[in-house]
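Visitor: mmCIF, C-alpha atoms and all ligand atoms, file coords-v9.cif:
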data_work
loop_
_atom_site.label_atom_id
_atom_site.label_comp_id
_atom_site.auth_asym_id
_atom_site.auth_seq_id
_atom_site.Cartn_x
_atom_site.Cartn_y
_atom_site.Cartn_z
CA MET A 252 -29.37 32.34 101.02
CA ALA A 253 -27.25 32.13 104.20
CA CYS A 254 -29.32 31.01 107.19
CA TYR A 255 -28.23 31.08 110.81
CA LEU A 256 -30.48 28.59 112.60
CA ASP A 257 -28.32 27.91 115.65
CA ASN A 258 -29.62 30.46 118.16
CA ASN A 259 -29.45 28.07 121.13
CA ALA A 260 -25.67 27.98 120.60
CA THR A 261 -25.42 31.75 120.59
CA THR A 262 -27.49 34.68 119.36
CA ALA A 263 -26.31 37.67 117.35
CA LEU A 264 -25.61 40.72 119.48
CA ASP A 265 -28.59 43.08 119.32
CA PRO A 266 -27.44 46.39 117.75
CA GLU A 267 -29.09 48.30 120.62
CA VAL A 268 -27.08 46.22 123.08
CA LEU A 269 -23.86 47.07 121.26
CA GLU A 270 -24.80 50.74 121.33
CA ALA A 271 -25.35 50.58 125.09
CA MET A 272 -22.00 48.87 125.61
CA LEU A 273 -19.83 51.11 123.44
CA PRO A 274 -19.45 54.06 125.87
CA TYR A 275 -18.09 51.61 128.46
CA MET A 276 -15.48 50.36 126.01
CA GLY A 277 -13.79 53.70 125.60
CA GLN A 278 -15.42 56.91 126.70
CA VAL A 279 -16.34 55.93 130.28
CA SER A 280 -13.44 54.41 132.20
CA GLY A 281 -12.69 53.70 135.84
CA ASN A 282 -12.79 50.76 138.23
CA PRO A 283 -16.23 50.18 139.76
CA SER A 284 -14.58 49.55 143.14
CA SER A 285 -12.96 53.02 143.14
CA VAL A 286 -14.76 55.56 145.29
CA HIS A 287 -14.11 58.52 142.97
CA ARG A 288 -16.60 59.71 140.37
CA TYR A 289 -15.14 57.54 137.59
CA GLY A 290 -15.61 54.47 139.72
CA ARG A 291 -19.08 55.52 140.79
CA LEU A 292 -20.21 55.88 137.16
CA GLN A 293 -19.15 52.30 136.47
CA LYS A 294 -20.75 51.03 139.66
CA ASP A 295 -24.02 52.81 138.83
CA ALA A 296 -24.05 51.20 135.37
CA ILE A 297 -23.59 47.76 136.95
CA GLU A 298 -26.42 48.34 139.42
CA GLN A 299 -28.75 49.53 136.68
CA ALA A 300 -28.00 46.41 134.66
CA ARG A 301 -28.54 44.28 137.75
CA GLU A 302 -32.03 45.73 138.11
CA SER A 303 -32.87 45.06 134.45
CA VAL A 304 -31.71 41.43 134.60
CA ALA A 305 -33.48 40.90 137.94
CA ARG A 306 -36.72 42.27 136.46
CA LEU A 307 -36.56 39.79 133.57
CA LEU A 308 -36.04 36.91 136.00
CA GLY A 309 -38.56 37.92 138.66
CA ALA A 310 -35.75 38.31 141.19
CA PHE A 311 -34.55 41.08 143.51
CA SER A 312 -31.41 42.78 142.25
CA GLU A 313 -29.58 41.89 145.51
CA GLN A 314 -30.04 38.22 144.57
CA LEU A 315 -27.95 38.51 141.40
CA VAL A 316 -24.25 37.66 141.14
CA PHE A 317 -22.75 38.54 137.78
CA THR A 318 -20.39 35.88 136.42
CA SER A 319 -18.59 35.19 133.14
CA GLY A 320 -21.53 33.11 131.86
CA GLY A 321 -23.65 30.02 132.38
CA THR A 322 -20.62 27.76 132.80
CA GLU A 323 -19.17 29.79 135.65
CA SER A 324 -22.58 30.13 137.31
CA ASN A 325 -23.04 26.34 137.30
CA ASN A 326 -19.50 25.83 138.65
CA LEU A 327 -20.00 28.46 141.36
CA LEU A 328 -23.27 26.87 142.40
CA LEU A 329 -22.02 23.29 142.71
CA THR A 330 -18.53 23.92 144.02
CA GLY A 331 -19.61 26.82 146.23
CA PHE A 332 -22.41 24.75 147.75
CA CYS A 333 -20.08 21.85 148.56
CA ARG A 334 -17.41 24.19 149.93
CA GLN A 335 -19.95 25.72 152.29
CA ALA A 336 -21.14 22.25 153.30
CA ALA A 337 -17.53 21.23 154.02
CA MET A 338 -16.98 24.38 156.10
CA SER A 339 -20.03 23.60 158.18
CA GLY A 340 -18.82 20.00 158.68
CA ALA A 341 -21.69 18.48 156.69
CA GLU A 342 -19.62 17.33 153.73
CA VAL A 343 -19.60 13.61 154.46
CA GLN A 344 -23.36 13.40 154.76
CA THR A 345 -24.13 15.54 151.73
CA ARG A 346 -25.38 14.11 148.44
CA ILE A 347 -26.33 16.02 145.33
CA ALA A 348 -28.75 14.97 142.59
CA VAL A 349 -28.57 16.28 139.02
CA SER A 350 -30.67 15.40 136.02
CA ALA A 351 -29.13 13.24 133.29
CA ILE A 352 -29.83 15.88 130.62
CA GLU A 353 -28.06 18.86 132.17
CA HIS A 354 -25.60 20.89 130.11
CA LEU A 355 -21.98 19.74 130.36
CA SER A 356 -21.17 22.91 132.31
CA LEU A 357 -23.15 21.33 135.14
CA LEU A 358 -22.46 17.62 134.58
CA GLU A 359 -18.67 18.05 134.35
CA PRO A 360 -18.16 20.02 137.59
CA ALA A 361 -20.55 17.57 139.28
CA GLN A 362 -17.98 14.86 138.58
CA HIS A 363 -15.32 16.77 140.49
CA LEU A 364 -17.16 17.38 143.74
CA PRO A 365 -16.08 15.88 147.07
CA VAL A 366 -19.59 14.48 147.59
CA ALA A 367 -21.71 11.70 146.09
CA VAL A 368 -23.73 12.71 143.04
CA ASP A 369 -26.89 10.88 141.96
CA GLU A 370 -28.38 11.06 138.49
CA ILE A 371 -32.06 11.83 137.94
CA ALA A 372 -33.50 9.91 134.98
CA VAL A 373 -35.68 11.40 132.23
CA ASP A 374 -38.57 9.68 130.49
CA ALA A 375 -38.72 8.94 126.76
CA SER A 376 -40.07 12.42 125.99
CA GLY A 377 -37.24 14.18 127.83
CA CYS A 378 -39.30 15.10 130.92
CA ILE A 379 -38.24 14.68 134.53
CA GLN A 380 -41.09 13.16 136.51
CA LEU A 381 -41.49 13.62 140.24
CA SER A 382 -41.09 9.85 140.67
CA ALA A 383 -37.57 10.08 139.17
CA VAL A 384 -36.59 12.67 141.79
CA GLU A 385 -38.22 10.62 144.55
CA GLN A 386 -36.19 7.63 143.46
CA VAL A 387 -32.78 9.28 144.00
CA MET A 388 -33.66 11.49 146.95
CA THR A 389 -32.15 10.31 150.24
CA ARG A 390 -32.11 11.96 153.67
CA GLN A 391 -28.60 13.18 152.81
CA THR A 392 -29.60 14.84 149.51
CA SER A 393 -29.13 18.54 150.12
CA LEU A 394 -29.12 19.93 146.57
CA VAL A 395 -31.07 19.02 143.44
CA SER A 396 -30.39 20.56 140.04
CA VAL A 397 -32.83 20.30 137.13
CA MET A 398 -32.64 22.65 134.15
CA THR A 399 -35.64 24.82 133.19
CA ALA A 400 -35.37 24.02 129.47
CA ASN A 401 -33.06 21.73 127.57
CA ASN A 402 -30.64 23.22 125.04
CA GLU A 403 -31.02 20.30 122.57
CA THR A 404 -34.65 19.17 122.61
CA GLY A 405 -36.04 22.41 124.00
CA VAL A 406 -38.11 20.45 126.55
CA ILE A 407 -39.42 22.67 129.35
CA GLN A 408 -39.55 20.92 132.71
CA ASN A 409 -42.52 21.13 135.04
CA LEU A 410 -40.40 22.25 137.98
CA ALA A 411 -43.10 23.20 140.51
CA PRO A 412 -43.81 19.70 141.92
CA LEU A 413 -40.07 18.92 142.01
CA VAL A 414 -39.26 22.15 143.86
CA ASP A 415 -42.07 21.52 146.38
CA TYR A 416 -40.91 17.98 147.04
CA VAL A 417 -37.23 18.88 147.46
CA THR A 418 -38.01 21.88 149.65
CA GLU A 419 -40.28 19.76 151.87
CA ALA A 420 -37.40 17.35 152.28
CA ASN A 421 -35.23 20.30 153.44
CA GLY A 422 -33.17 20.28 150.25
CA PHE A 423 -32.18 23.18 148.02
CA PHE A 424 -33.12 23.45 144.35
CA HIS A 425 -31.08 24.91 141.48
CA THR A 426 -32.21 25.36 137.91
CA ASP A 427 -30.13 26.18 134.85
CA ALA A 428 -32.33 28.63 132.95
CA SER A 429 -29.69 29.60 130.36
CA GLN A 430 -31.92 28.50 127.49
CA ALA A 431 -35.19 29.63 129.04
CA ALA A 432 -34.33 33.23 129.92
CA GLY A 433 -35.64 35.59 127.26
CA LYS A 434 -37.67 32.81 125.61
CA ILE A 435 -40.32 32.04 128.24
CA PRO A 436 -41.50 33.99 131.30
CA LEU A 437 -39.49 33.31 134.47
CA ASP A 438 -40.26 34.22 138.06
CA PHE A 439 -37.38 33.30 140.35
CA ASN A 440 -39.03 34.29 143.62
CA ALA A 441 -42.46 32.85 142.85
CA SER A 442 -40.92 29.56 141.66
CA GLY A 443 -39.37 28.76 145.03
CA VAL A 444 -36.05 27.67 143.50
CA HIS A 445 -32.99 28.64 145.53
CA ALA A 446 -30.62 29.34 142.65
CA MET A 447 -30.87 29.98 138.92
CA THR A 448 -28.22 30.14 136.18
CA VAL A 449 -28.52 32.48 133.20
CA SER A 450 -26.27 33.51 130.31
CA ALA A 451 -26.38 36.73 128.25
CA HIS A 452 -25.29 35.41 124.86
CA LYS A 453 -28.37 33.19 124.55
CA MET A 454 -30.58 36.30 124.56
CA TYR A 455 -28.86 38.73 122.18
CA GLY A 456 -26.42 39.96 124.83
CA PRO A 457 -22.63 39.70 124.75
CA VAL A 458 -20.64 36.49 125.23
CA GLY A 459 -18.72 36.15 128.51
CA VAL A 460 -21.31 37.37 131.00
CA GLY A 461 -24.06 35.63 132.92
CA ALA A 462 -25.45 35.46 136.41
CA LEU A 463 -26.22 33.16 139.29
CA VAL A 464 -29.38 34.21 141.09
CA ILE A 465 -29.25 33.18 144.73
CA ASN A 466 -31.89 33.02 147.43
CA LYS A 467 -30.13 34.05 150.62
CA ARG A 468 -31.15 30.82 152.36
CA LEU A 469 -28.87 28.86 150.02
CA PRO A 470 -25.56 28.04 151.70
CA LEU A 471 -22.86 29.12 149.25
CA GLN A 472 -19.15 29.96 149.46
CA LYS A 473 -17.30 31.84 146.78
CA ILE A 474 -14.88 29.75 144.71
CA GLN A 475 -12.68 32.55 143.47
CA TYR A 476 -10.87 34.60 146.11
CA GLY A 477 -9.62 38.18 145.95
CA GLY A 478 -11.75 41.28 146.24
CA SER A 479 -15.22 41.47 147.69
CA GLN A 480 -17.02 42.25 144.43
CA GLU A 481 -20.50 40.92 143.72
CA ASN A 482 -21.60 40.87 147.32
CA ASN A 483 -18.46 38.89 148.13
CA PHE A 484 -19.53 35.97 145.93
CA ARG A 485 -17.27 36.62 142.94
CA ALA A 486 -13.87 38.25 143.31
CA GLY A 487 -12.45 40.21 140.37
CA THR A 488 -12.97 43.55 138.67
CA GLU A 489 -16.33 43.47 136.94
CA ASN A 490 -16.63 43.33 133.13
CA VAL A 491 -18.65 46.54 132.97
CA PRO A 492 -19.32 46.73 129.18
CA ALA A 493 -20.53 43.13 129.16
CA ILE A 494 -22.70 43.63 132.25
CA VAL A 495 -24.21 46.78 130.73
CA GLY A 496 -24.90 44.79 127.56
CA PHE A 497 -26.53 42.03 129.59
CA GLY A 498 -28.76 44.61 131.26
CA LYS A 499 -29.81 46.07 127.93
CA ALA A 500 -30.41 42.61 126.47
CA ALA A 501 -32.62 41.74 129.45
CA GLU A 502 -34.59 44.96 129.07
CA ILE A 503 -35.20 44.23 125.37
CA ALA A 504 -35.97 40.56 126.05
CA LEU A 505 -38.65 41.50 128.55
CA SER A 506 -40.31 43.94 126.19
CA GLU A 507 -40.14 41.53 123.23
CA LEU A 508 -40.75 38.25 125.04
CA GLU A 509 -44.22 37.56 123.66
CA ALA A 510 -43.51 38.81 120.14
CA VAL A 511 -40.29 36.79 119.80
CA ALA A 512 -41.98 33.68 121.21
CA ARG A 513 -44.84 34.11 118.74
CA LEU A 514 -42.51 34.60 115.77
CA THR A 515 -40.17 31.73 116.59
CA ARG A 516 -43.10 29.40 117.31
CA GLN A 517 -44.58 30.19 113.87
CA LEU A 518 -41.22 29.44 112.23
CA ARG A 519 -40.67 26.27 114.24
CA ASP A 520 -44.20 24.99 113.61
CA ALA A 521 -43.89 25.67 109.87
CA LEU A 522 -40.58 23.81 109.85
CA GLU A 523 -42.13 20.86 111.69
CA ARG A 524 -45.02 20.73 109.22
CA GLY A 525 -42.44 20.49 106.42
CA LEU A 526 -40.33 17.92 108.27
CA LYS A 527 -43.37 15.69 108.74
CA GLN A 528 -43.63 15.40 104.93
CA LEU A 529 -40.22 13.72 104.94
CA SER A 530 -40.50 10.04 105.84
CA ALA A 531 -36.87 9.83 107.00
CA VAL A 532 -37.43 12.40 109.77
CA THR A 533 -38.30 11.74 113.44
CA ILE A 534 -38.93 14.75 115.67
CA PHE A 535 -37.66 14.27 119.23
CA ALA A 536 -39.73 15.12 122.32
CA GLU A 537 -42.55 16.25 120.06
CA GLN A 538 -45.25 15.56 122.66
CA ALA A 539 -43.50 17.47 125.45
CA GLU A 540 -43.88 21.17 126.18
CA ARG A 541 -40.91 22.78 124.43
CA LEU A 542 -39.26 26.15 123.94
CA PRO A 543 -41.06 27.90 121.07
CA ASN A 544 -37.88 28.24 119.00
CA THR A 545 -36.38 24.74 119.17
CA VAL A 546 -36.78 21.48 117.27
CA GLN A 547 -34.43 18.53 117.33
CA PHE A 548 -34.91 15.64 114.93
CA GLY A 549 -33.19 12.61 113.47
CA VAL A 550 -32.86 11.76 109.77
CA ALA A 551 -32.70 8.00 109.14
CA GLY A 552 -29.63 6.89 107.21
CA PHE A 553 -27.48 9.91 108.04
CA SER A 554 -25.03 10.93 110.72
CA GLY A 555 -25.80 14.31 112.24
CA GLU A 556 -22.22 15.45 111.64
CA THR A 557 -22.47 14.65 107.91
CA LEU A 558 -25.82 16.40 107.65
CA LEU A 559 -24.45 19.43 109.48
CA MET A 560 -21.52 19.67 107.06
CA GLN A 561 -23.71 19.22 103.99
CA LEU A 562 -26.06 21.94 105.25
CA ASP A 563 -23.05 24.13 106.00
CA ARG A 564 -21.97 23.77 102.36
CA LYS A 565 -25.35 25.25 101.48
CA ALA A 566 -24.67 28.11 103.95
CA ILE A 567 -27.15 26.84 106.54
CA ALA A 568 -25.94 26.77 110.14
CA VAL A 569 -27.53 24.27 112.54
CA SER A 570 -26.20 22.07 115.31
CA SER A 571 -25.92 18.33 115.68
CA GLY A 572 -26.91 18.00 119.34
CA SER A 573 -25.45 20.47 121.81
CA ALA A 574 -23.08 23.04 120.30
CA CYS A 575 -20.65 22.55 123.13
CA THR A 576 -20.30 18.84 122.32
CA SER A 577 -20.15 19.19 118.51
CA GLY A 578 -16.40 18.68 118.61
CA LYS A 579 -16.92 15.15 119.93
CA THR A 580 -18.34 12.25 117.97
CA ASP A 581 -20.25 10.74 120.92
CA ILE A 582 -24.01 10.72 120.55
CA SER A 583 -25.88 13.30 122.58
CA HIS A 584 -26.11 12.37 126.27
CA VAL A 585 -29.59 13.93 126.25
CA LEU A 586 -30.91 11.58 123.55
CA LYS A 587 -29.10 8.67 125.19
CA ALA A 588 -30.87 9.45 128.48
CA MET A 589 -34.19 9.49 126.56
CA LYS A 590 -33.30 6.02 125.22
CA ILE A 591 -33.51 7.11 121.59
CA PRO A 592 -32.03 4.26 119.48
CA HIS A 593 -28.32 4.86 118.82
CA ALA A 594 -28.47 5.22 115.01
CA LEU A 595 -31.36 7.69 115.22
CA ALA A 596 -29.70 9.69 118.00
CA ASP A 597 -26.51 9.77 115.92
CA SER A 598 -28.47 11.45 113.11
CA ALA A 599 -29.72 14.31 115.29
CA ILE A 600 -29.92 17.86 114.04
CA ARG A 601 -31.09 20.80 116.14
CA VAL A 602 -32.65 23.87 114.57
CA SER A 603 -33.07 26.82 116.92
CA PHE A 604 -34.73 29.97 115.64
CA GLY A 605 -34.14 33.53 116.80
CA LYS A 606 -35.82 36.86 116.34
CA ASN A 607 -33.88 37.60 113.14
CA ASN A 608 -35.12 34.52 111.26
CA THR A 609 -37.80 34.53 108.56
CA MET A 610 -40.26 32.16 106.84
CA SER A 611 -38.13 32.18 103.69
CA GLU A 612 -35.29 30.70 105.75
CA VAL A 613 -37.61 27.89 106.83
CA ALA A 614 -38.36 27.21 103.15
CA ALA A 615 -34.64 27.35 102.26
CA PHE A 616 -33.82 24.90 105.03
CA LEU A 617 -36.52 22.43 103.99
CA GLU A 618 -35.45 22.61 100.36
CA ALA A 619 -31.80 22.03 101.28
CA LEU A 620 -32.63 19.10 103.54
CA GLN A 621 -34.87 17.49 100.94
CA ASP A 622 -32.12 17.89 98.38
CA ILE A 623 -29.53 16.24 100.61
CA ILE A 624 -31.86 13.34 101.41
CA GLU A 625 -32.70 12.81 97.72
CA VAL A 626 -29.07 12.85 96.59
CA ASN A 627 -28.28 10.32 99.30
CA GLN A 628 -31.20 8.09 98.30
CA ASN A 629 -30.22 8.25 94.62
CA SER A 630 -26.62 7.33 95.33
CA SER A 631 -27.79 4.41 97.55
CA VAL A 632 -29.99 3.14 94.69
CA MET A 633 -27.10 3.41 92.25
CA MET A 634 -24.76 1.60 94.62
CA ALA A 635 -27.30 -1.15 95.17
CA ALA A 636 -27.62 -1.52 91.39
CA GLY A 637 -23.83 -1.74 91.12
CA LEU A 638 -23.65 1.43 89.03
C1 LIG B 1 -28.36 25.00 129.28
C2 LIG B 1 -27.02 25.66 129.21
N1 LIG B 1 -26.35 25.91 130.34
C3 LIG B 1 -25.16 26.52 130.33
C4 LIG B 1 -24.55 26.90 129.15
C5 LIG B 1 -23.21 27.55 129.19
O1 LIG B 1 -23.33 28.94 129.09
P1 LIG B 1 -22.07 29.84 128.69
O2 LIG B 1 -21.81 29.61 127.24
O3 LIG B 1 -22.53 31.23 128.99
O4 LIG B 1 -20.94 29.43 129.56
C6 LIG B 1 -25.21 26.64 127.94
C7 LIG B 1 -24.57 26.98 126.64
O5 LIG B 1 -24.79 26.36 125.63
C8 LIG B 1 -26.48 26.03 127.97
O6 LIG B 1 -27.16 25.77 126.84
#
Can the structure from this file be put into structure tokens for me?
Ligand SMILES: Cc1ncc(COP(=O)(O)O)c(C=O)c1O

Guide:
Amino acid sequence: MACYLDNNATTALDPEVLEAMLPYMGQVSGNPSSVHRYGRLQKDAIEQARESVARLLGAFSEQLVFTSGGTESNNLLLTGFCRQAAMSGAEVQTRIAVSAIEHLSLLEPAQHLPVAVDEIAVDASGCIQLSAVEQVMTRQTSLVSVMTANNETGVIQNLAPLVDYVTEANGFFHTDASQAAGKIPLDFNASGVHAMTVSAHKMYGPVGVGALVINKRLPLQKIQYGGSQENNFRAGTENVPAIVGFGKAAEIALSELEAVARLTRQLRDALERGLKQLSAVTIFAEQAERLPNTVQFGVAGFSGETLLMQLDRKAIAVSSGSACTSGKTDISHVLKAMKIPHALADSAIRVSFGKNNTMSEVAAFLEALQDIIEVNQNSSVMMAAGL
């Protein structure tokens, strides 16, 4: 049985989303910036999608800037914030603080900013405590970025006290909600955050489209110049089919939010019950509040890459740490930040369920993993016996 258990890397396109996109990939053409009827049709489709995505996120549609995905949204946020600070002459005094467990699409651009960047530590269970933010916050810190939910461990951060503290200190707060959107309820305006990143392909929408939600108080410059699309925050002709797909995906996600969370939690909990029968397994961040669909664990005596390949041979798709870092052999920076011992962190596997998964896939996964562990143990015994 082939099992796709890597939904935090990307989800399958929902057939209803594809159906909504298809007319915009052939039948309906025109540039949304054109004033004629063809253009207007495209523009209307974008605005309808904007409303659907805004509704899912608890935002006003005017607060949404469509981008090419989570990576671009994070780059726009960091670079655009610093560019605006530089234009207002505040660059030298500005500092930014980002959590140690952010996705690389936030950590990498943070290394290329013209300002000082401080790292916010996490505790052993992957949570960011208020004291960790207090520790790095200086009078110059003008932006703090802490993700809503982690892509590897699934840990959901308790953002409210952090947002309150940063806002009181006159700072701005950004959260990368790429993994949270469509999995847990979000309310951008009630949360008090000033910017939020989301990505469509983590919620059954198409790849290559996302959004940055912006509170108008946030100082931000565009980083890509040209036309005045997206409220002058993102130049370039809009990817209408993808945006329409994102809108449809958001609409479906909102209507299915509870049901999908319930299903994936049942699958994840069943998997964890099975994993706990295996002495070699350690579940990471087990005590923390986590996304209902995600579990990350280590298997003593293995490397995650080897496990991933052995599972792949059995047609089971999982991830060893973050999908975007699978190409590298470094251990996960998230587990490193949580001070998980190196050998255990190196053995990490992430299983992330989606709405298309079933209980029989949980059973197939557990059987395959048990098999791999047993074969390994038997060959170790034979080697030790010199056979
Ligand atoms: C937390 C998080 N942020 C950002 C991204 C990047 O999103 P995209 O693939 O849309 O660029 C990912 C993708 O894995 C992610 O998990």

Visitor: Per residue of range 575-604 of chain A within 12 Å of range 405-422 of chain A, note the shortest atom pair and the distance in Å to one decimal, counting all atoms listed in the file, and order the rows by chain and increasing residue number, as a Markdown table.

Guide:
| residue | atom | partner | partner_atom | distance |
| --- | --- | --- | --- | --- |
| A:Val585 | CA | A:Val406 | CA | 10.7 |
| A:Leu586 | CA | A:Val406 | CA | 11.8 |
| A:Met589 | CA | A:Val406 | CA | 11.6 |
| A:Arg601 | CA | A:Gly405 | CA | 9.4 |
| A:Val602 | CA | A:Gly405 | CA | 10.1 |
| A:Ser603 | CA | A:Gly405 | CA | 8.9 |
| A:Phe604 | CA | A:Gly405 | CA | 11.3 |

Visitor: Pick out the residues no farther than 9 Å from ligand LIG 1 (chain B), counting all atoms listed in the file, and list them as a ChimeraX atom specification.

Guide: /A:259-261,319-325,353-357,398-403,427-431,448-453,458-461,573-575

Visitor: Report, in Å with one decimal, the straight-line distance from CA of Leu505 in chain A to CA of Ile352 in chain A.

Guide: 27.2 Å

Visitor: Could you jot down the CA of Gly377 in chain A to CA of Leu518 in chain A separation for me, Å, one decimal place?

Guide: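 About the pair CA of Gly377 in chain A and CA of Leu518 in chain A: they are 22.2 Å apart.
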
Visitor: Taking a cut-off of 9 Å and counting only C-alpha atoms, can you build a table that, for each residue of range 392-500 of chain A near range 296-318 of chain A, reports the nearest atom pair and how far apart they are in Å (one decimal), sorted by chain then residue number, as a tab-separated table?

Guide:
residue	atom	partner	partner_atom	distance
A:Ala432	CA	A:Leu308	CA	7.3
A:Gly433	CA	A:Leu307	CA	7.6
A:Pro436	CA	A:Leu308	CA	7.8
A:Leu437	CA	A:Leu308	CA	5.2
A:Asp438	CA	A:Gly309	CA	4.1
A:Phe439	CA	A:Gly309	CA	5.1
A:Asn440	CA	A:Ala310	CA	5.7
A:Ala441	CA	A:Gly309	CA	7.6
A:Ser450	CA	A:Thr318	CA	8.8
A:Gly459	CA	A:Thr318	CA	8.1
A:Val460	CA	A:Thr318	CA	5.7
A:Gly461	CA	A:Thr318	CA	5.1
A:Ala462	CA	A:Phe317	CA	4.3
A:Leu463	CA	A:Val316	CA	5.2
A:Val464	CA	A:Leu315	CA	4.5
A:Ile465	CA	A:Gln314	CA	5.1
A:Asn466	CA	A:Gln314	CA	6.2
A:Lys467	CA	A:Gln314	CA	7.3
A:Glu481	CA	A:Val316	CA	5.6
A:Asn482	CA	A:Val316	CA	7.5
A:Phe484	CA	A:Val316	CA	6.9
A:Arg485	CA	A:Thr318	CA	7.3
A:Glu489	CA	A:Phe317	CA	8.1
A:Asn490	CA	A:Thr318	CA	9.0
A:Val491	CA	A:Ile297	CA	6.5
A:Pro492	CA	A:Ile297	CA	8.9
A:Ile494	CA	A:Ile297	CA	6.3
A:Val495	CA	A:Ala300	CA	5.5
A:Gly496	CA	A:Ala300	CA	7.9
A:Phe497	CA	A:Ala300	CA	6.9
A:Gly498	CA	A:Ala300	CA	3.9
A:Lys499	CA	A:Ala300	CA	7.0
A:Ala500	CA	A:Val304	CA	8.3

Visitor: Calculated over only C-alpha atoms, which of the candidates A:Asn483, A:Ser382, A:Ser554, A:Ser376 has the smallest distance to Glu540 in chain A?

Guide: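 That would be A:Ser376, the residue with the smallest distance to Glu540 in chain A.
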
Visitor: Rank A:Ser284, A:Gly456, A:Gly331, A:Leu269 by their smallest atom-to-atom distance to Tyr476 in chain A, using all atoms listed in the file, and report the top residue only.

Guide: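 When distances to Tyr476 in chain A are compared using all atoms listed in the file, the smallest one comes from A:Gly331.
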
Visitor: Considering only C-alpha atoms, state which residue in the set A:Ala568, A:Ala615, A:Val546, A:Met338 is at the smallest distance from Ala599 in chain A.

Guide: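 Using only C-alpha atoms, Ala599 in chain A sits closest to A:Val546.
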
Visitor: With all atoms listed in the file counted and 10 Å as the cut-off, give the residues of range 510-564 of chain A in contact with range 607-614 of chain A, each with its shortest interatomic distance in Å and the pair that gives it, as JSON lines.

Guide:
{"residue": "A:Val511", "atom": "CA", "partner": "A:Asn607", "partner_atom": "CA", "distance": 9.3}
{"residue": "A:Leu514", "atom": "CA", "partner": "A:Thr609", "partner_atom": "CA", "distance": 8.6}
{"residue": "A:Thr515", "atom": "CA", "partner": "A:Asn608", "partner_atom": "CA", "distance": 7.9}
{"residue": "A:Gln517", "atom": "CA", "partner": "A:Met610", "partner_atom": "CA", "distance": 8.5}
{"residue": "A:Leu518", "atom": "CA", "partner": "A:Met610", "partner_atom": "CA", "distance": 6.1}
{"residue": "A:Arg519", "atom": "CA", "partner": "A:Val613", "partner_atom": "CA", "distance": 8.2}
{"residue": "A:Asp520", "atom": "CA", "partner": "A:Val613", "partner_atom": "CA", "distance": 9.9}
{"residue": "A:Ala521", "atom": "CA", "partner": "A:Val613", "partner_atom": "CA", "distance": 7.3}
{"residue": "A:Leu522", "atom": "CA", "partner": "A:Val613", "partner_atom": "CA", "distance": 5.9}
{"residue": "A:Glu523", "atom": "CA", "partner": "A:Val613", "partner_atom": "CA", "distance": 9.7}
{"residue": "A:Gly525", "atom": "CA", "partner": "A:Ala614", "partner_atom": "CA", "distance": 8.5}

Visitor: In Å, rounded to a single decimal, give me how far CA of Lys590 in chain A is from CA of Asp374 in chain A.

Guide: 8.3 Å

Visitor: Determine the nearest neighbour of Pro457 in chain A from the options A:Val387, A:Ala493, A:Leu595, A:Ile624, counting all atoms listed in the file.

Guide: A:Ala493
